[in-house]
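Enquirer: Please find one structure pasted underneath; my questions will follow.
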Amino acid sequence: EVLRKTKVVGKFVEFYGPGAKALSLPDRATIANMAPEYGATMGFFGIDEITTGYLAGTGRPPELCKTVENYYKAQGLWGIPTEKDTLEFSQVVEIDLSKVKPGVAGPKRPQDRIELQNLKSSFVGSFSKPVTESGFGKKAEDFASVSAEVNGSHIGHGSVLIAAITSCTNTSNPTVMLAAGLLAKKAIEKGLKLNPSVKSSLAPGSRVVTDYLNKTGLQTYLDQLGFQTVGYGCTTCIGNSGPLDTKIEEAVVKNDLVAASVLSGNRNFE
């Protein structure tokens with residue numbers, strides 16, 4: 001959101017500072033690969049021991065890793081600066097990481113960030129706002145009064161009908177994907193199940209994700225919960241969720257329901 005407001009379109013964004021230096025390799029890759037989301041030509045981090053650690057971890061010989069380190073030190077390009085006076089930038093943007101709070105995008109436009117605690121009030125408010133104000137243009141009194149019974153499930157305005165872990169930058173990040181698997185494990189162990197009206201799917205960002213989810217035994221819990229792997233390309237984010245159950249689709253159309261989908265993607269479309 002900060003980078004969008006800064007209008008970084010057509011620019012190279014270099015991340016630096018103590019926060020950037022402390023990030024793991026997967027987190028750096030996630031942020032750099034999200035350049036299309038904030039509009040930059042590219043986002044990148046300086047070359048440091050995390051870089052050479054990656055080279056070593058992916059089979060490069062020690063002498064090559066040492067050559068890379070020596071070269072960038074000789075060029076004065078080694079390491080991520082922690083102070084803004086270290087390098088000369090055309091523009092400096094400061095982000096206080098202590099002020100970052102969990103948020104979601106939507107409910108209609110990806111640039112509309114909502115703090116998680118305000119999700120309910122935002123959705124309820126959007127329900128009766130005019131379409132010209134990014135609302136749904138419905139009558140406020142219809143929010144709780146219009147509903148339908150489908151296959152033994154109650155669905156109404158605001159019902160989640162799609163839950164998708166989509167093939168995106170963050171679904172190649174082991175920290176995030178292993179956490180999803182552990183969450184599924186806890187859910188299964190506590191006897192939790194998906195509402196049968198929810199269409200669920202898992203599209204990892206890489207086949208490597210499937211490999212480590214299988215090796216850790218976590219994929220079986222995702223499968224049991226309903227998040228079976230459907231593929232590795234773009235899915236629900238761009239409308240490739242496939243059709244809903246026919247009866248659910250008919251109920252949504254007949255009652256003009258404003259239903260919801262919950263996605264893990266970097267961007268969401270209306």
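If you're wondering about the labels, chains in the structure tokens are A, B, ... by order shown, residues count from 1 in each chain, ligands from 1 in order shown.
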Assign secondary structure with DSSP using the backbone only, and return the residues of stretch 115-191 of chain A in strand (DSSP E) as a list of chain:residue names.

Expert: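 Secondary structure check on stretch 115-191 of chain A, strand (DSSP E): A:Glu115, A:Ser147, A:Ala148, A:Glu149, A:Val150, A:Ser153, A:His154, A:Ile155, A:Gly156, A:Val160, A:Leu161, A:Ile162, A:Ala163, A:Ala164, A:Ile165.
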
Enquirer: Can I get the selection written as a CSV table (one decimal), in the first residue's frame, with C-alpha atoms?

Expert:
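Writing done, so here's again.csv:
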chain,number,residue,atom,x,y,z
A,115,GLU,CA,-7.3,-4.4,9.0
A,147,SER,CA,-31.0,-16.6,2.9
A,148,ALA,CA,-31.4,-20.1,1.5
A,149,GLU,CA,-31.0,-23.8,2.5
A,150,VAL,CA,-28.8,-25.8,0.2
A,153,SER,CA,-26.3,-25.8,4.7
A,154,HIS,CA,-27.6,-22.3,5.4
A,155,ILE,CA,-26.2,-19.7,3.0
A,156,GLY,CA,-26.9,-16.0,3.0
A,160,VAL,CA,-18.0,-18.0,2.3
A,161,LEU,CA,-18.5,-20.3,-0.7
A,162,ILE,CA,-14.9,-20.5,-1.9
A,163,ALA,CA,-11.8,-21.0,0.2
A,164,ALA,CA,-8.7,-21.2,-2.0
A,165,ILE,CA,-4.9,-21.4,-1.3

Enquirer: DSSP on the backbone: what in stretch 2-247 of chain A comes out alpha helix (DSSP H), as a PyMOL selection string?

Expert: chain A and resi 2-6+18-21+25-33+35-38+49-57+62-74+119-128+142-145+174-189+207-215+219-225+246-247

Enquirer: Just want the 7 Å neighbourhood of stretch 8-12 of chain A, counted on only C-alpha atoms, with same-chain residues fewer than 3 positions away dropped. Output as a CSV table (one decimal) with C-alpha atoms, in the first residue's frame.

Expert:
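Final output, saved to part_5.csv:
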chain,number,residue,atom,x,y,z
A,3,LEU,CA,4.7,1.6,-2.4
A,4,ARG,CA,1.5,2.1,-4.4
A,39,GLY,CA,3.8,-1.7,-9.5
A,40,ALA,CA,7.6,-1.5,-9.7
A,41,THR,CA,9.8,-2.7,-12.5
A,42,MET,CA,11.6,-4.8,-9.9
A,43,GLY,CA,12.2,-5.1,-6.2

Enquirer: Do you know which residues are at most 12 Å from stretch 136-142 of chain A counting only C-alpha atoms, after dropping those on the same chain fewer than 5 positions away, and could you put them as a list in words?

Expert: Pro107, Lys108, Ser122, Phe123, Val124, Gly125, Ser126, Phe127, Ser128, Lys129, Pro130, Val131, Ser147, Gly156, His157, Gly158, Asn255, Asp256, Leu257, Val258, Ala259 and Glu270 of chain A

Enquirer: Of the candidates A:Ala22, A:Cys65, A:Ala35, A:Val146, which one gets nearest to A:Thr169 if we count only C-alpha atoms?

Expert: A:Ala35

Enquirer: To one decimal place in Å, what is the distance between atom CA of A:Glu1 and atom CA of A:Gly17?

Expert: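 Distance between the two atoms: 18.8 Å.
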